[in-house]
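Working notes, beginning with the structure itself.
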Amino acid sequence: MNIGTEINSQEKALYITFSGIYLTKNNIVEIINLIESVENDKNINHIIFSSASKDFCLGHDIKSLLGYDETEAKIYASLGQELIKKIRESRKIIISALAGKTLGPGFEIAIASDLVFATKDTTFGFPETDYGIIPAFGGTALASRKIHENFVKYLTITGVEIGVDELFCRGIISKIFKSKDEMFGHICDVVKNLNKKSMFTLGLAKETINNGIEIDIDRALLLKQNAFSVAFSSYDKKEGMLAFIEKREPKFKNRWEDYEDMF
């Protein structure tokens, strides 16, 4: 699989496009480096994963994995988990635009993304048990937190592929489209709308939701209180509220990069 990149300056988005169908160790490293390279770039607000092929991802490069020993497998799994963490911890809004088969690590990338859009022909699955291995990047752990563990066990144990409608009903897919063109038209509209908002607030909301999943409800509520209070330290809080009162469009300027020392 080759990885293509394109910066859309109008959308303030980095498009990371898969060309090919099997994810490799080198691809994982490349994607991690790409996410890191734009993390502090104030000209990039969003990262969008998509594919130039019919399918988003058919899974792991099994021919490469066949030759791995235990140590190499551990390194590979660690890299995959680092990628999933980067997607969740990035202060950018990360969108997956899916079509065709989205299997194995491709499915895990989608689960970790903030917004997930897909065409009606998209299918999902964890086929790893067919190859004598299990999913390794942390997608099943995330999925168990987002949907019922028994459904995740069903997907993992059976390796069955499911349609996009089932994941939409379970809250993983944000919206379904008839075609790629329709999907990317919608993504363009979504991104334009997000760019009108406070980038600091969007990043704060993402971090609060992600971290709240991992802890008990009392600590999650305290985390929410603290994040809500932090928002009141920003210029954007005052600007957003004044704009609402004055019935005008707000002009936000705060970003996560401006609050680096606070966290």
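Just remember, in the structure tokens the first chain shown is A, the second B, etc., residues are 1-based per chain, and ligands are 1-based in the order shown.
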Using only C-alpha atoms, I'd like a table of the residues in region 68-113 of chain A that come within 10 Å of region 44-63 of chain A; for each, show the closest atom pair and its distance in Å rounded to one decimal, ordered by chain and ascending number, as CSV.
```
residue,atom,partner,partner_atom,distance
A:Tyr68,CA,A:Lys63,CA,9.6
A:Ile87,CA,A:Ile47,CA,9.2
A:Ser90,CA,A:Ile47,CA,9.6
A:Arg91,CA,A:Asn45,CA,8.5
A:Lys92,CA,A:His46,CA,5.1
A:Ile93,CA,A:His46,CA,4.8
A:Ile94,CA,A:Ile47,CA,4.8
A:Ile95,CA,A:Ile48,CA,4.7
A:Ser96,CA,A:Phe49,CA,4.7
A:Ala97,CA,A:Ser50,CA,5.0
A:Leu98,CA,A:Phe56,CA,5.9
A:Ala99,CA,A:Phe56,CA,5.7
A:Gly100,CA,A:Asp55,CA,4.1
A:Lys101,CA,A:Asp55,CA,4.9
A:Thr102,CA,A:Cys57,CA,5.0
A:Leu103,CA,A:Gly59,CA,5.0
A:Gly104,CA,A:Gly59,CA,4.6
A:Pro105,CA,A:Gly59,CA,5.7
A:Gly106,CA,A:Cys57,CA,5.2
A:Phe107,CA,A:Cys57,CA,8.0
A:Glu108,CA,A:Gly59,CA,9.9
A:Ile109,CA,A:Phe49,CA,8.9
A:Ala110,CA,A:Phe49,CA,8.7
A:Ser113,CA,A:Phe49,CA,9.1
```
DSSP on the backbone, alpha helix (DSSP H) only: what residues of region 107-232 of chain A does that give? Format it as a ChimeraX atom specification. /A:107-112,139-146,149-158,164-169,180-194,199-213,217-231
Expressed in Å, the length from CA of Ala136 (chain A) to CA of Glu30 (chain A) is 18.3 Å
Residues of region 159-225 of chain A within 12 Å of region 7-26 of chain A: nearest atom pair and distance (Å, one decimal) for each, counting only C-alpha atoms, sorted by chain and number, as CSV?
```
residue,atom,partner,partner_atom,distance
A:Phe184,CA,A:Tyr15,CA,11.4
A:Gly185,CA,A:Glu11,CA,11.9
A:Ile187,CA,A:Glu11,CA,9.7
A:Cys188,CA,A:Glu11,CA,7.1
A:Asp189,CA,A:Glu11,CA,9.2
A:Val190,CA,A:Glu11,CA,9.6
A:Val191,CA,A:Glu11,CA,6.2
A:Lys192,CA,A:Glu11,CA,6.2
A:Asn193,CA,A:Glu11,CA,9.7
A:Leu194,CA,A:Glu11,CA,9.5
A:Asn195,CA,A:Glu11,CA,7.7
A:Lys196,CA,A:Glu11,CA,10.8
A:Met199,CA,A:Lys12,CA,11.5
```
Take the residues from that selection and write them out as a PDB file, in the first residue's frame, keeping N, CA and C atoms.
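The result, stored in selection-v6.pdb:
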```pdb
ATOM      1  N   PHE A 184     -17.817  12.876  -0.120  1.00  0.00           N
ATOM      2  CA  PHE A 184     -16.796  13.925  -0.034  1.00  0.00           C
ATOM      3  C   PHE A 184     -17.403  15.323  -0.130  1.00  0.00           C
ATOM      4  N   GLY A 185     -18.531  15.450  -0.825  1.00  0.00           N
ATOM      5  CA  GLY A 185     -19.245  16.727  -0.822  1.00  0.00           C
ATOM      6  C   GLY A 185     -19.722  17.080   0.570  1.00  0.00           C
ATOM      7  N   ILE A 187     -18.394  15.883   3.411  1.00  0.00           N
ATOM      8  CA  ILE A 187     -17.213  16.139   4.236  1.00  0.00           C
ATOM      9  C   ILE A 187     -16.730  17.569   4.043  1.00  0.00           C
ATOM     10  N   CYS A 188     -16.759  18.042   2.811  1.00  0.00           N
ATOM     11  CA  CYS A 188     -16.363  19.429   2.530  1.00  0.00           C
ATOM     12  C   CYS A 188     -17.245  20.399   3.315  1.00  0.00           C
ATOM     13  N   ASP A 189     -18.548  20.150   3.336  1.00  0.00           N
ATOM     14  CA  ASP A 189     -19.474  21.020   4.072  1.00  0.00           C
ATOM     15  C   ASP A 189     -19.218  20.944   5.577  1.00  0.00           C
ATOM     16  N   VAL A 190     -18.972  19.732   6.079  1.00  0.00           N
ATOM     17  CA  VAL A 190     -18.697  19.547   7.503  1.00  0.00           C
ATOM     18  C   VAL A 190     -17.447  20.310   7.908  1.00  0.00           C
ATOM     19  N   VAL A 191     -16.388  20.167   7.116  1.00  0.00           N
ATOM     20  CA  VAL A 191     -15.118  20.815   7.427  1.00  0.00           C
ATOM     21  C   VAL A 191     -15.252  22.336   7.394  1.00  0.00           C
ATOM     22  N   LYS A 192     -15.976  22.849   6.415  1.00  0.00           N
ATOM     23  CA  LYS A 192     -16.189  24.301   6.353  1.00  0.00           C
ATOM     24  C   LYS A 192     -16.909  24.792   7.607  1.00  0.00           C
ATOM     25  N   ASN A 193     -17.881  24.030   8.059  1.00  0.00           N
ATOM     26  CA  ASN A 193     -18.607  24.401   9.276  1.00  0.00           C
ATOM     27  C   ASN A 193     -17.701  24.335  10.502  1.00  0.00           C
ATOM     28  N   LEU A 194     -16.878  23.286  10.592  1.00  0.00           N
ATOM     29  CA  LEU A 194     -15.968  23.153  11.725  1.00  0.00           C
ATOM     30  C   LEU A 194     -14.944  24.281  11.761  1.00  0.00           C
ATOM     31  N   ASN A 195     -14.525  24.727  10.585  1.00  0.00           N
ATOM     32  CA  ASN A 195     -13.525  25.793  10.523  1.00  0.00           C
ATOM     33  C   ASN A 195     -14.050  27.134  11.038  1.00  0.00           C
ATOM     34  N   LYS A 196     -15.354  27.241  11.169  1.00  0.00           N
ATOM     35  CA  LYS A 196     -15.945  28.459  11.738  1.00  0.00           C
ATOM     36  C   LYS A 196     -15.940  28.428  13.265  1.00  0.00           C
ATOM     37  N   MET A 199     -11.121  26.219  17.300  1.00  0.00           N
ATOM     38  CA  MET A 199     -10.302  25.011  17.236  1.00  0.00           C
ATOM     39  C   MET A 199      -9.910  24.543  18.639  1.00  0.00           C
TER      40      MET A 199
END
```
Of the listed residues A:Thr129, A:Ser78, A:Thr5, A:Thr122, that which approaches Ile173 (chain A) most closely, counting only C-alpha atoms: A:Thr122
Pick the closest to Leu142 (chain A) from A:Glu39, A:Glu214, A:Asp236, A:Glu246: which is it, counting only C-alpha atoms? A:Glu214
From the options A:Tyr235, A:Phe151, A:Phe252, A:Phe177, which residue's atoms come nearest to Phe126 (chain A), counting only C-alpha atoms?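 Of A:Tyr235, A:Phe151, A:Phe252, A:Phe177, the one nearest Phe126 (chain A) is A:Phe151, counting only C-alpha atoms.
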